[in-house]
Every structure is written in C-alpha cells, then in structure tokens.
file target_10.pdb (PDB, C-alpha atoms)
ATOM      1  CA  MET T   1       7.393 -19.790  84.640
ATOM      2  CA  SER T   2      10.927 -21.087  85.064
ATOM      3  CA  LEU T   3      12.000 -24.542  83.906
ATOM      4  CA  GLY T   4      12.611 -25.593  87.520
ATOM      5  CA  THR T   5       9.077 -24.602  88.549
ATOM      6  CA  ARG T   6       7.537 -26.521  85.611
ATOM      7  CA  ILE T   7       9.515 -29.655  86.496
ATOM      8  CA  THR T   8       8.428 -29.374  90.136
ATOM      9  CA  ARG T   9       4.754 -29.120  89.122
ATOM     10  CA  ILE T  10       5.050 -32.117  86.781
ATOM     11  CA  LEU T  11       6.606 -34.195  89.570
ATOM     12  CA  LEU T  12       3.814 -33.195  91.959
ATOM     13  CA  VAL T  13       1.181 -34.265  89.419
ATOM     14  CA  ILE T  14       2.884 -37.630  89.004
ATOM     15  CA  LEU T  15       3.247 -38.169  92.751
ATOM     16  CA  LEU T  16      -0.334 -37.152  93.529
ATOM     17  CA  ALA T  17      -1.941 -39.088  90.662
ATOM     18  CA  PRO T  18      -3.837 -42.189  91.869
ATOM     19  CA  THR T  19      -2.154 -45.538  91.337
ATOM     20  CA  PRO T  20      -4.040 -47.650  88.742
ATOM     21  CA  GLY T  21      -6.442 -49.991  90.520
ATOM     22  CA  TRP T  22      -6.492 -47.999  93.757
ATOM     23  CA  SER T  23      -9.353 -45.754  94.904
ATOM     24  CA  ASP T  24      -9.053 -42.608  96.989
ATOM     25  CA  ASP T  25      -9.778 -44.527 100.206
ATOM     26  CA  GLY T  26      -7.037 -47.089  99.554
ATOM     27  CA  ALA T  27      -9.322 -49.869  98.331
ATOM     28  CA  ILE T  28      -8.378 -51.822  95.216
ATOM     29  CA  GLU T  29     -10.810 -51.497  92.322
ATOM     30  CA  LEU T  30     -10.564 -53.831  89.332
ATOM     31  CA  THR T  31     -12.558 -54.670  86.214
ATOM     32  CA  ASP T  32     -12.264 -58.262  85.044
ATOM     33  CA  ASP T  33     -12.834 -59.764  81.596
ATOM     34  CA  ARG T  34     -16.608 -59.946  82.123
ATOM     35  CA  GLY T  35     -16.619 -56.197  82.591
ATOM     36  CA  ALA T  36     -17.551 -56.812  86.233
ATOM     37  CA  SER T  37     -16.151 -54.501  88.906
ATOM     38  CA  LEU T  38     -14.385 -55.816  91.984
ATOM     39  CA  ARG T  39     -13.523 -53.861  95.101
ATOM     40  CA  LEU T  40     -11.054 -55.176  97.688
ATOM     41  CA  SER T  41     -10.586 -53.239 100.904
ATOM     42  CA  GLU T  42      -6.956 -54.444 100.996
ATOM     43  CA  PRO T  43      -4.670 -56.697  98.938
ATOM     44  CA  ALA T  44      -5.767 -60.333  98.865
ATOM     45  CA  THR T  45      -3.603 -62.741 100.850
ATOM     46  CA  ARG T  46      -5.631 -65.959 100.455
ATOM     47  CA  PRO T  47      -6.545 -66.313  96.765
ATOM     48  CA  ALA T  48      -8.281 -69.468  95.564
ATOM     49  CA  ALA T  49      -7.609 -70.575  92.003
ATOM     50  CA  ILE T  50     -10.214 -72.067  89.666
ATOM     51  CA  SER T  51      -7.497 -72.343  87.027
ATOM     52  CA  THR T  52      -3.886 -73.325  86.842
ATOM     53  CA  PHE T  53      -3.269 -69.681  85.962
ATOM     54  CA  GLY T  54      -4.414 -68.505  89.398
ATOM     55  CA  ALA T  55      -1.982 -70.818  91.168
ATOM     56  CA  ASP T  56       0.809 -70.025  88.705
ATOM     57  CA  ALA T  57       0.376 -66.238  88.970
ATOM     58  CA  ALA T  58       0.083 -66.289  92.756
ATOM     59  CA  LEU T  59       3.290 -68.323  93.102
ATOM     60  CA  ALA T  60       5.118 -66.128  90.589
ATOM     61  CA  LEU T  61       4.151 -63.109  92.702
ATOM     62  CA  GLY T  62       5.345 -64.722  95.922
ATOM     63  CA  ARG T  63       1.959 -65.836  97.264
ATOM     64  CA  THR T  64       0.783 -69.374  98.009
ATOM     65  CA  PRO T  65      -2.851 -69.920  96.967
ATOM     66  CA  ALA T  66      -5.359 -70.941  99.626
ATOM     67  CA  ALA T  67      -6.942 -73.573  97.342
ATOM     68  CA  ILE T  68      -6.505 -74.799  93.776
ATOM     69  CA  THR T  69      -8.214 -76.849  91.087
ATOM     70  CA  ASP T  70      -6.486 -79.730  89.339
ATOM     71  CA  TYR T  71      -6.746 -81.729  86.110
ATOM     72  CA  GLY T  72      -8.948 -84.470  87.563
ATOM     73  CA  VAL T  73      -7.301 -87.878  87.183
ATOM     74  CA  GLU T  74      -4.100 -86.135  86.068
ATOM     75  CA  GLY T  75      -3.839 -84.237  89.344
ATOM     76  CA  VAL T  76      -1.991 -80.995  89.998
ATOM     77  CA  PRO T  77       0.188 -79.745  87.117
ATOM     78  CA  ASP T  78       3.662 -81.244  87.461
ATOM     79  CA  TYR T  79       5.477 -77.964  87.025
ATOM     80  CA  LEU T  80       3.792 -76.470  90.120
ATOM     81  CA  ALA T  81       3.244 -79.604  92.227
ATOM     82  CA  SER T  82       6.276 -79.252  94.503
ATOM     83  CA  ARG T  83       5.269 -75.702  95.441
ATOM     84  CA  LEU T  84       1.632 -76.623  96.079
ATOM     85  CA  ALA T  85       2.139 -79.522  98.479
ATOM     86  CA  GLY T  86      -0.519 -79.410 101.171
ATOM     87  CA  VAL T  87      -2.699 -76.824  99.395
ATOM     88  CA  PRO T  88      -6.380 -77.946  99.448
ATOM     89  CA  ILE T  89      -7.715 -79.271  96.133
ATOM     90  CA  LEU T  90     -11.103 -78.079  94.875
ATOM     91  CA  GLY T  91     -11.433 -80.720  92.153
ATOM     92  CA  PRO T  92     -11.346 -80.087  88.385
ATOM     93  CA  ARG T  93     -11.593 -76.538  87.088
ATOM     94  CA  HIS T  94     -14.869 -77.185  85.223
ATOM     95  CA  GLN T  95     -16.578 -78.482  88.391
ATOM     96  CA  PRO T  96     -14.899 -77.104  91.536
ATOM     97  CA  ASN T  97     -16.214 -78.057  94.956
ATOM     98  CA  LEU T  98     -17.659 -74.771  96.163
ATOM     99  CA  GLU T  99     -18.473 -76.162  99.611
ATOM    100  CA  VAL T 100     -14.810 -76.897 100.193
ATOM    101  CA  MET T 101     -13.868 -73.468  98.864
ATOM    102  CA  SER T 102     -16.361 -71.787 101.178
ATOM    103  CA  SER T 103     -14.923 -73.608 104.190
ATOM    104  CA  ILE T 104     -11.442 -72.341 103.301
ATOM    105  CA  GLN T 105     -12.665 -68.710 103.238
ATOM    106  CA  PRO T 106     -10.470 -67.235 100.485
ATOM    107  CA  ASP T 107     -10.434 -63.465 100.048
ATOM    108  CA  LEU T 108     -10.275 -63.648  96.225
ATOM    109  CA  VAL T 109     -11.109 -66.232  93.557
ATOM    110  CA  ILE T 110      -9.049 -66.188  90.356
ATOM    111  CA  GLY T 111     -10.895 -68.139  87.687
ATOM    112  CA  ILE T 112     -11.161 -68.819  83.983
ATOM    113  CA  ARG T 113     -14.213 -66.944  82.771
ATOM    114  CA  ARG T 114     -15.679 -69.718  80.620
ATOM    115  CA  TYR T 115     -15.496 -72.228  83.509
ATOM    116  CA  THR T 116     -16.802 -69.973  86.279
ATOM    117  CA  GLU T 117     -19.708 -68.310  84.456
ATOM    118  CA  LYS T 118     -22.279 -70.902  85.528
ATOM    119  CA  ASP T 119     -21.295 -70.599  89.222
ATOM    120  CA  ARG T 120     -20.484 -66.893  89.345
ATOM    121  CA  GLN T 121     -23.225 -65.980  91.830
ATOM    122  CA  GLN T 122     -22.252 -68.730  94.263
ATOM    123  CA  ILE T 123     -18.571 -67.874  93.943
ATOM    124  CA  ASN T 124     -19.205 -64.188  94.537
ATOM    125  CA  GLY T 125     -21.044 -65.192  97.710
ATOM    126  CA  ILE T 126     -17.770 -66.714  98.930
ATOM    127  CA  ALA T 127     -15.241 -64.131  97.737
ATOM    128  CA  PRO T 128     -14.844 -61.580  94.926
ATOM    129  CA  LEU T 129     -14.419 -63.357  91.585
ATOM    130  CA  LEU T 130     -11.740 -62.182  89.155
ATOM    131  CA  ALA T 131     -12.900 -63.929  85.948
ATOM    132  CA  LEU T 132     -10.353 -63.945  83.131
ATOM    133  CA  ASP T 133     -10.319 -65.064  79.483
ATOM    134  CA  LEU T 134      -6.726 -66.422  79.392
ATOM    135  CA  ILE T 135      -6.649 -67.327  75.708
ATOM    136  CA  THR T 136      -4.267 -64.913  73.970
ATOM    137  CA  ILE T 137      -0.932 -63.296  74.781
ATOM    138  CA  ASP T 138      -2.719 -60.019  75.506
ATOM    139  CA  ASP T 139      -5.125 -61.869  77.827
ATOM    140  CA  SER T 140      -2.128 -63.216  79.711
ATOM    141  CA  THR T 141      -0.333 -59.911  80.230
ATOM    142  CA  ARG T 142      -3.566 -58.145  81.225
ATOM    143  CA  ALA T 143      -4.430 -60.935  83.671
ATOM    144  CA  VAL T 144      -0.993 -60.835  85.281
ATOM    145  CA  ASP T 145      -1.388 -57.083  85.763
ATOM    146  CA  LEU T 146      -4.845 -57.544  87.336
ATOM    147  CA  VAL T 147      -3.681 -60.279  89.691
ATOM    148  CA  GLY T 148      -0.679 -58.150  90.622
ATOM    149  CA  GLN T 149      -2.999 -55.308  91.598
ATOM    150  CA  ALA T 150      -5.298 -57.635  93.545
ATOM    151  CA  LEU T 151      -2.392 -59.113  95.511
ATOM    152  CA  GLY T 152      -0.676 -55.784  96.116
ATOM    153  CA  ALA T 153       2.198 -56.742  93.841
ATOM    154  CA  SER T 154       1.720 -54.437  90.848
ATOM    155  CA  ASN T 155       5.420 -53.707  90.396
ATOM    156  CA  GLN T 156       6.319 -57.408  90.424
ATOM    157  CA  ALA T 157       3.588 -58.149  87.895
ATOM    158  CA  ALA T 158       4.755 -55.344  85.601
ATOM    159  CA  GLU T 159       8.305 -56.710  85.754
ATOM    160  CA  LEU T 160       7.117 -60.236  84.886
ATOM    161  CA  ASN T 161       5.324 -58.875  81.824
ATOM    162  CA  ARG T 162       8.263 -56.685  80.813
ATOM    163  CA  SER T 163      10.663 -59.632  81.047
ATOM    164  CA  PHE T 164       8.266 -61.817  79.030
ATOM    165  CA  ARG T 165       7.956 -59.271  76.213
ATOM    166  CA  THR T 166      11.706 -58.737  76.129
ATOM    167  CA  ARG T 167      12.384 -62.458  75.866
ATOM    168  CA  ILE T 168       9.958 -62.824  72.950
ATOM    169  CA  GLN T 169      11.750 -60.000  71.135
ATOM    170  CA  THR T 170      15.156 -61.555  71.851
ATOM    171  CA  LEU T 171      14.142 -64.990  70.588
ATOM    172  CA  ALA T 172      12.410 -63.520  67.535
ATOM    173  CA  ALA T 173      15.627 -61.765  66.568
ATOM    174  CA  ARG T 174      17.615 -65.006  66.454
ATOM    175  CA  ALA T 175      18.602 -66.395  63.061
ATOM    176  CA  PRO T 176      16.323 -64.042  61.100
ATOM    177  CA  ASP T 177      17.369 -65.544  57.759
ATOM    178  CA  THR T 178      16.605 -69.126  58.780
ATOM    179  CA  THR T 179      13.558 -70.771  57.267
ATOM    180  CA  ARG T 180      11.442 -71.819  60.211
ATOM    181  CA  PRO T 181       9.377 -75.022  59.985
ATOM    182  CA  SER T 182       5.579 -75.123  59.806
ATOM    183  CA  ILE T 183       3.965 -76.496  62.962
ATOM    184  CA  ALA T 184       0.684 -78.020  64.124
ATOM    185  CA  LEU T 185      -0.303 -78.070  67.814
ATOM    186  CA  LEU T 186      -2.708 -80.972  68.338
ATOM    187  CA  THR T 187      -4.665 -82.465  71.205
ATOM    188  CA  SER T 188      -7.355 -85.140  71.746
ATOM    189  CA  GLY T 189      -7.341 -88.859  72.348
ATOM    190  CA  SER T 190     -10.048 -89.490  69.755
ATOM    191  CA  GLU T 191      -9.803 -90.573  66.127
ATOM    192  CA  THR T 192      -9.890 -86.942  64.983
ATOM    193  CA  PRO T 193      -7.294 -84.529  66.417
ATOM    194  CA  PHE T 194      -8.093 -81.013  67.582
ATOM    195  CA  LEU T 195      -5.970 -78.327  65.909
ATOM    196  CA  TYR T 196      -5.584 -74.938  67.607
ATOM    197  CA  TYR T 197      -6.038 -71.606  65.857
ATOM    198  CA  ASP T 198      -3.121 -69.166  65.810
ATOM    199  CA  HIS T 199      -4.567 -66.785  68.442
ATOM    200  CA  PHE T 200      -4.152 -69.349  71.249
ATOM    201  CA  LEU T 201      -1.213 -68.279  73.433
ATOM    202  CA  PRO T 202       1.275 -71.083  72.559
ATOM    203  CA  THR T 203       0.523 -70.904  68.840
ATOM    204  CA  ALA T 204       0.621 -67.099  68.939
ATOM    205  CA  LEU T 205       4.086 -67.348  70.501
ATOM    206  CA  LEU T 206       5.156 -69.626  67.646
ATOM    207  CA  GLU T 207       3.865 -67.065  65.143
ATOM    208  CA  ARG T 208       5.711 -64.216  66.894
ATOM    209  CA  LEU T 209       8.889 -66.257  66.677
ATOM    210  CA  HIS T 210       8.353 -66.525  62.893
ATOM    211  CA  PHE T 211       7.145 -70.108  62.751
ATOM    212  CA  GLU T 212       4.121 -70.864  60.605
ATOM    213  CA  HIS T 213       1.359 -72.485  62.617
ATOM    214  CA  VAL T 214      -0.958 -74.257  60.187
ATOM    215  CA  GLY T 215      -4.163 -73.892  62.236
ATOM    216  CA  GLY T 216      -5.134 -70.560  60.697
ATOM    217  CA  THR T 217      -7.011 -67.621  62.202
ATOM    218  CA  PRO T 218     -10.120 -67.951  64.421
ATOM    219  CA  PRO T 219     -13.544 -67.178  62.940
ATOM    220  CA  ASN T 220     -14.484 -65.090  66.007
ATOM    221  CA  PRO T 221     -11.341 -63.201  67.039
ATOM    222  CA  ALA T 222     -13.277 -60.854  69.339
ATOM    223  CA  SER T 223     -14.484 -63.680  71.588
ATOM    224  CA  GLY T 224     -11.523 -65.995  71.117
ATOM    225  CA  ILE T 225     -13.875 -68.991  71.097
ATOM    226  CA  PRO T 226     -13.550 -71.601  69.715
ATOM    227  CA  LEU T 227      -9.887 -72.230  70.424
ATOM    228  CA  GLY T 228      -9.553 -74.510  67.401
ATOM    229  CA  TYR T 229     -11.318 -77.222  65.437
ATOM    230  CA  ARG T 230     -11.421 -80.922  64.662
ATOM    231  CA  ILE T 231      -9.418 -81.821  61.590
ATOM    232  CA  SER T 232      -9.423 -85.035  59.601
ATOM    233  CA  LEU T 233      -6.138 -86.790  58.947
ATOM    234  CA  GLU T 234      -6.704 -86.216  55.222
ATOM    235  CA  ALA T 235      -6.946 -82.447  55.830
ATOM    236  CA  LEU T 236      -3.911 -82.533  58.121
ATOM    237  CA  LEU T 237      -1.961 -84.359  55.422
ATOM    238  CA  ALA T 238      -2.893 -81.603  52.963
ATOM    239  CA  LEU T 239      -1.392 -79.047  55.388
ATOM    240  CA  ASP T 240       1.503 -81.451  56.081
ATOM    241  CA  PRO T 241       3.312 -79.537  58.869
ATOM    242  CA  ASP T 242       7.071 -79.989  59.281
ATOM    243  CA  VAL T 243       6.662 -80.384  63.053
ATOM    244  CA  ILE T 244       3.782 -81.718  65.153
ATOM    245  CA  LEU T 245       3.438 -80.849  68.835
ATOM    246  CA  LEU T 246       1.129 -83.072  70.886
ATOM    247  CA  LEU T 247      -0.536 -82.030  74.121
ATOM    248  CA  PRO T 248      -0.783 -84.742  76.801
ATOM    249  CA  THR T 249      -3.916 -86.872  76.984
ATOM    250  CA  SER T 250      -5.097 -89.488  79.452
ATOM    251  CA  ARG T 251      -6.115 -91.769  76.565
ATOM    252  CA  GLU T 252      -4.221 -93.337  73.695
ATOM    253  CA  ARG T 253      -4.267 -90.977  70.705
ATOM    254  CA  ALA T 254      -6.488 -92.922  68.337
ATOM    255  CA  PHE T 255      -5.668 -90.605  65.426
ATOM    256  CA  THR T 256      -2.044 -91.791  65.491
ATOM    257  CA  LEU T 257      -3.318 -95.284  64.577
ATOM    258  CA  ASN T 258      -4.924 -93.936  61.402
ATOM    259  CA  PRO T 259      -3.155 -95.389  58.311
ATOM    260  CA  ILE T 260      -2.609 -91.821  57.055
ATOM    261  CA  TRP T 261      -0.555 -90.845  60.133
ATOM    262  CA  PRO T 262       2.753 -92.442  58.964
ATOM    263  CA  TYR T 263       2.595 -90.434  55.717
ATOM    264  CA  LEU T 264       2.852 -87.075  57.473
ATOM    265  CA  THR T 265       6.230 -85.410  56.943
ATOM    266  CA  ALA T 266       6.666 -84.726  60.672
ATOM    267  CA  VAL T 267       6.165 -88.417  61.440
ATOM    268  CA  GLN T 268       8.524 -89.562  58.689
ATOM    269  CA  THR T 269      11.266 -87.165  59.826
ATOM    270  CA  ASP T 270      10.775 -87.946  63.534
ATOM    271  CA  ARG T 271       9.715 -84.405  64.399
ATOM    272  CA  VAL T 272       6.669 -85.207  66.516
ATOM    273  CA  TYR T 273       7.121 -83.965  70.078
ATOM    274  CA  GLU T 274       4.908 -84.279  73.137
ATOM    275  CA  VAL T 275       4.804 -81.031  75.083
ATOM    276  CA  PRO T 276       3.804 -80.698  78.763
ATOM    277  CA  HIS T 277       0.329 -79.839  80.020
ATOM    278  CA  TYR T 278       1.197 -76.180  80.645
ATOM    279  CA  TRP T 279       0.974 -75.651  76.884
ATOM    280  CA  LYS T 280      -2.798 -76.138  77.255
ATOM    281  CA  GLU T 281      -3.176 -73.535  80.007
ATOM    282  CA  GLY T 282      -0.097 -71.402  79.457
ATOM    283  CA  ALA T 283      -1.139 -67.884  80.453
ATOM    284  CA  GLY T 284       0.589 -67.932  83.833
ATOM    285  CA  PRO T 285       3.975 -66.218  84.224
ATOM    286  CA  ILE T 286       5.728 -69.509  85.008
ATOM    287  CA  ALA T 287       3.952 -71.535  82.306
ATOM    288  CA  ARG T 288       4.552 -69.073  79.484
ATOM    289  CA  GLU T 289       8.271 -68.921  80.288
ATOM    290  CA  ARG T 290       8.404 -72.709  80.189
ATOM    291  CA  ILE T 291       6.672 -72.704  76.806
ATOM    292  CA  LEU T 292       9.383 -70.370  75.531
ATOM    293  CA  ASP T 293      11.991 -72.708  77.052
ATOM    294  CA  ASP T 294      10.482 -75.617  75.100
ATOM    295  CA  ILE T 295      10.321 -73.647  71.852
ATOM    296  CA  GLN T 296      13.939 -72.621  72.268
ATOM    297  CA  ARG T 297      15.066 -76.180  73.089
ATOM    298  CA  LEU T 298      13.026 -78.059  70.496
ATOM    299  CA  LEU T 299      12.683 -75.616  67.624
ATOM    300  CA  LEU T 300      15.359 -72.920  67.829
ATOM    301  CA  THR T 301      18.398 -74.899  68.942
ATOM    302  CA  GLY T 302      17.221 -78.528  68.864
ATOM    303  CA  PRO T 303      16.732 -81.177  66.166
ATOM    304  CA  ALA T 304      13.848 -79.385  64.443
ATOM    305  CA  ALA T 305      16.007 -76.301  63.996
ATOM    306  CA  GLU T 306      18.863 -78.365  62.618
ATOM    307  CA  SER T 307      16.549 -80.097  60.144
ATOM    308  CA  ALA T 308      15.315 -76.750  58.848
ATOM    309  CA  ARG T 309      18.784 -75.515  57.998
TER     310      ARG T 309
END
call {"tool": "encode", "arguments": {"input": "target_10.pdb", "output": "structure tokens"}}
result
Amino acid sequence: MSLGTRITRILLVILLAPTPGWSDDGAIELTDDRGASLRLSEPATRPAAISTFGADAALALGRTPAAITDYGVEGVPDYLASRLAGVPILGPRHQPNLEVMSSIQPDLVIGIRRYTEKDRQQINGIAPLLALDLITIDDSTRAVDLVGQALGASNQAAELNRSFRTRIQTLAARAPDTTRPSIALLTSGSETPFLYYDHFLPTALLERLHFEHVGGTPPNPASGIPLGYRISLEALLALDPDVILLLPTSRERAFTLNPIWPYLTAVQTDRVYEVPHYWKEGAGPIARERILDDIQRLLLTGPAAESAR
C-alpha cells in the first residue's frame, strides 16, 4: 500500500469517527459527575443554572442562561451581574425555586452535584440535569467540556480550557528562583475560621504556581469532600502563613477579634487581602481567569511578591 493511500485511509477514519458526545442520530449524549447519562436531541439554548458556574460557563460560551441562582442576601455575583440583568432569579443555590424554574421551561439545568442531589428527580422532570462536582481544577476543565458539548460549543470550550492551562504554565514559569510566600485561604464569619484544603480550585492554583498553601491535603481526595476544616487561631498561629486571603462574608469576621489575630505574621506585615466571591465558586471559565488575575496582581507582581524578595 502506498504512502498516499495510507494517509487517505487515516483521514477517512478521522472524518468518519463520531464526535465525542454525539450519537449516530445527531443527539448529544453526556455522562455527568453522578455517572448519570443525559441525552439531548439538539444543543441546549435555554440552560438554567443552579450554580454560578452554570451562568459563568454559559456566558463564556456566548449563551445567556434562562434562569440563575444567586447568593441570597448577597445577590448575583458582581463579576457577572451586568451580563445577567433581567435574567430570572431562582433564589439561592442550596434552595432554588423549582416552580419558577418549571415556568421558565429551560432545556438543560447545570447544577452543582452536592446542592441538586436532594431535588434531582424534580429537576429531571423539568429538564435534563447536568450535575457537576466543581471542586478541583480537573473538575472545572471537565465541566467546561461537558457544558460545551451540551450547548453545541465544543470547540469554544476546548479553547477556553487550552488557554487556561497555557496561562497556568506561563505564570508558573515566572521568577522560578523566587521564594514564594506561604498562604492561607480562609472563610467564615464565626469565631473559628474555615481553612481550605489544597485540592480546592483556588488553592490548587496557588500550589501549581509554587506557593505553599498551609491547609494541607484532603482526607478523602476521591470524593473531594470536605473542602476544608475549622481551625483554631492557636493552630493557625502555629502554621503562621505569610499571606492570608479572606473570602467575603455577610457577617463581621469574629475570628479577627481574637487576641491572637494581631500576632499572625500576615497581619503584622499587612498582607491580609480580601478576595472576591468568585474565589469560593471559581470553576467557571470567567471566574478562574479572574482568580489568576488576582494571584498575579497580589502575589506575583504586587506587595506580597515584593515582600518575599
């Protein structure tokens, strides 16, 4: 067989091979993070989002969601608000109003698995549910691929993931000989802060960029739950991170009133930074790029980087 004939046959195999996610009859077939199978007769055009991720991914792929959840009293995430004006609100992600969602008649529901599990049967009665874990970096890239397939935008989704991976590699290569500071990502308005493990997407990004996140590894890496743990101020002082990042809270952070708080190195050197809410639900293509923007601004080129040199 000549070389030209072999090349022609290879090209025919490639051209005739089914596109991932598509069945022989043109329907879209997906498997979500529950292991559940979804079948869409055509790409979804009216996705509802029980997650900030669903709204974020839809917008990043050029689609406006038919309905979205919010953060309760905190409303729609600031970084998406201007692009979601007029979109119906379903209430908070842990307790969406399914009657409102049913009246809107979405053709797909993109949800966080741990929040939609209790209502999965009702949701599936409204529209196919794409339930996603959305905890780790791998969860994020897989979810973007799945949503891209569901919305008929696989190539756009692949490009978003490729660009994301490339940017991580580019940032990781910067100043390789520089000693990077240790970091703690904290949340909670109570007297005891919640410290994230290093598998959580924002902390995993910090680790990939050669920072040391002090939260440690999760006890159940296969499930990804819990995301972190409560830590006493005495234990946090023993870890004594160089930088503390604080997620927003609707209440005053009682732990910052603890008499131990001023003794933390990050507090004494004025390297405590509040980061936006998308750090808490950062798996979306827009959110994860903004997290990298913040890391670059605060830690790679900003005051924390200067202090480490």
call {"tool": "residues_around", "arguments": {"input": "target_10.pdb", "residues": "Arg251 in chain T", "least_positions_apart": "4", "cutoff": "12 Å", "atoms": "all atoms listed in the file", "output": "list in words"}}
result
Val73, Glu74, Thr187, Ser188, Gly189, Ser190, Glu191, Leu247, Phe255 and Thr256 of chain T
call {"tool": "residues_around", "arguments": {"input": "target_10.pdb", "residues": "Ala127 in chain T", "least_positions_apart": "2", "cutoff": "6 Å", "atoms": "only C-alpha atoms", "output": "list of chain:residue names"}}
result
T:Asp107, T:Leu108, T:Asn124, T:Gly125
call {"tool": "atom_distance", "arguments": {"input": "target_10.pdb", "atom1": "CA of Pro259 in chain T", "atom2": "CA of Val272 in chain T"}}
result
16.4 Å
call {"tool": "residues_around", "arguments": {"input": "target_10.pdb", "residues": "Pro221 in chain T", "least_positions_apart": "5", "cutoff": "12 Å", "atoms": "only C-alpha atoms", "output": "JSON, numbers by chain"}}
result
{"T": [135, 136, 197, 198, 199, 200, 216, 226, 227, 228]}
call {"tool": "resolve_selection", "arguments": {"input": "target_10.pdb", "expression": "the PyMOL selection byres ((chain T and resi 40-48) around 8)", "output": "short mmCIF file (atom, residue, chain, number, x, y, z; two decimals) with C-alpha atoms, in the coordinates of the input"}}
result
data_model
loop_
_atom_site.label_atom_id
_atom_site.label_comp_id
_atom_site.auth_asym_id
_atom_site.auth_seq_id
_atom_site.Cartn_x
_atom_site.Cartn_y
_atom_site.Cartn_z
CA GLY T 26 -7.04 -47.09 99.55
CA ALA T 27 -9.32 -49.87 98.33
CA ILE T 28 -8.38 -51.82 95.22
CA GLU T 29 -10.81 -51.50 92.32
CA LEU T 38 -14.38 -55.82 91.98
CA ARG T 39 -13.52 -53.86 95.10
CA ALA T 49 -7.61 -70.58 92.00
CA ILE T 50 -10.21 -72.07 89.67
CA GLY T 54 -4.41 -68.50 89.40
CA ALA T 55 -1.98 -70.82 91.17
CA ALA T 58 0.08 -66.29 92.76
CA ARG T 63 1.96 -65.84 97.26
CA THR T 64 0.78 -69.37 98.01
CA PRO T 65 -2.85 -69.92 96.97
CA ALA T 66 -5.36 -70.94 99.63
CA ALA T 67 -6.94 -73.57 97.34
CA ILE T 68 -6.50 -74.80 93.78
CA MET T 101 -13.87 -73.47 98.86
CA PRO T 106 -10.47 -67.24 100.48
CA ASP T 107 -10.43 -63.46 100.05
CA LEU T 108 -10.28 -63.65 96.22
CA VAL T 109 -11.11 -66.23 93.56
CA ILE T 110 -9.05 -66.19 90.36
CA PRO T 128 -14.84 -61.58 94.93
CA GLN T 149 -3.00 -55.31 91.60
CA ALA T 150 -5.30 -57.64 93.54
CA LEU T 151 -2.39 -59.11 95.51
CA GLY T 152 -0.68 -55.78 96.12
#
call {"tool": "atom_distance", "arguments": {"input": "target_10.pdb", "atom1": "CA of Ala85 in chain T", "atom2": "CA of Gly111 in chain T"}}
result
20.4 Å
call {"tool": "resolve_selection", "arguments": {"input": "target_10.pdb", "expression": "the PyMOL selection byres ((chain T and resi 275-289) around 7)", "output": "ChimeraX atom specification"}}
result
/T:52-53,56-57,60,134,140,160,201-202,245-248,273-274,290-293
call {"tool": "atom_distance", "arguments": {"input": "target_10.pdb", "atom1": "CA of Thr265 in chain T", "atom2": "CA of Asp242 in chain T"}}
result
6.0 Å
call {"tool": "closest_residue", "arguments": {"input": "target_10.pdb", "among": "T:Pro241, T:Pro218, T:Gly91, T:Pro262", "to": "Gly75 in chain T", "atoms": "all atoms listed in the file"}}
result
T:Gly91
call {"tool": "closest_residue", "arguments": {"input": "target_10.pdb", "among": "T:Arg93, T:Gly224, T:Leu300, T:Val243", "to": "Ile112 in chain T", "atoms": "only C-alpha atoms"}}
result
T:Arg93
call {"tool": "resolve_selection", "arguments": {"input": "target_10.pdb", "expression": "the PyMOL selection byres ((chain T and resi 95) around 10)", "output": "VMD selection string"}}
result
chain T and resid 50 69 72 90 to 94 96 to 98 115 to 116 118 to 119
call {"tool": "closest_atom_pairs", "arguments": {"input": "target_10.pdb", "of": "range 179-250 of chain T", "to": "range 166-169 of chain T", "cutoff": "10 Å", "atoms": "all atoms listed in the file", "output": "JSON lines"}}
result
{"residue": "T:Leu205", "atom": "CA", "partner": "T:Ile168", "partner_atom": "CA", "distance": 7.8}
{"residue": "T:Leu206", "atom": "CA", "partner": "T:Ile168", "partner_atom": "CA", "distance": 9.9}
{"residue": "T:Arg208", "atom": "CA", "partner": "T:Ile168", "partner_atom": "CA", "distance": 7.5}
{"residue": "T:Leu209", "atom": "CA", "partner": "T:Ile168", "partner_atom": "CA", "distance": 7.2}
call {"tool": "closest_residue", "arguments": {"input": "target_10.pdb", "among": "T:Thr170, T:Thr141, T:Asn258, T:Ser103", "to": "Ala157 in chain T", "atoms": "only C-alpha atoms"}}
result
T:Thr141
call {"tool": "residues_around", "arguments": {"input": "target_10.pdb", "residues": "Ile260 in chain T", "least_positions_apart": "5", "cutoff": "10 Å", "atoms": "all atoms listed in the file", "output": "VMD selection string"}}
result
chain T and resid 232 to 234 236 to 237 255
call {"tool": "closest_residue", "arguments": {"input": "target_10.pdb", "among": "T:Pro193, T:Tyr79, T:Ile123, T:Asp32", "to": "Ala235 in chain T", "atoms": "only C-alpha atoms"}}
result
T:Pro193
call {"tool": "axis_aligned_box", "arguments": {"input": "target_10.pdb", "around": "range 153-167 of chain T", "padding_each_side": "5 Å", "output": "JSON"}}
result
{"center_x": 7.1, "center_y": -58.1, "center_z": 84.9, "size_x": 20.7, "size_y": 18.8, "size_z": 28.0}
call {"tool": "closest_residue", "arguments": {"input": "target_10.pdb", "among": "T:Ile89, T:Ala81, T:Ala36, T:Ala172", "to": "Leu129 in chain T", "atoms": "only C-alpha atoms"}}
result
T:Ala36
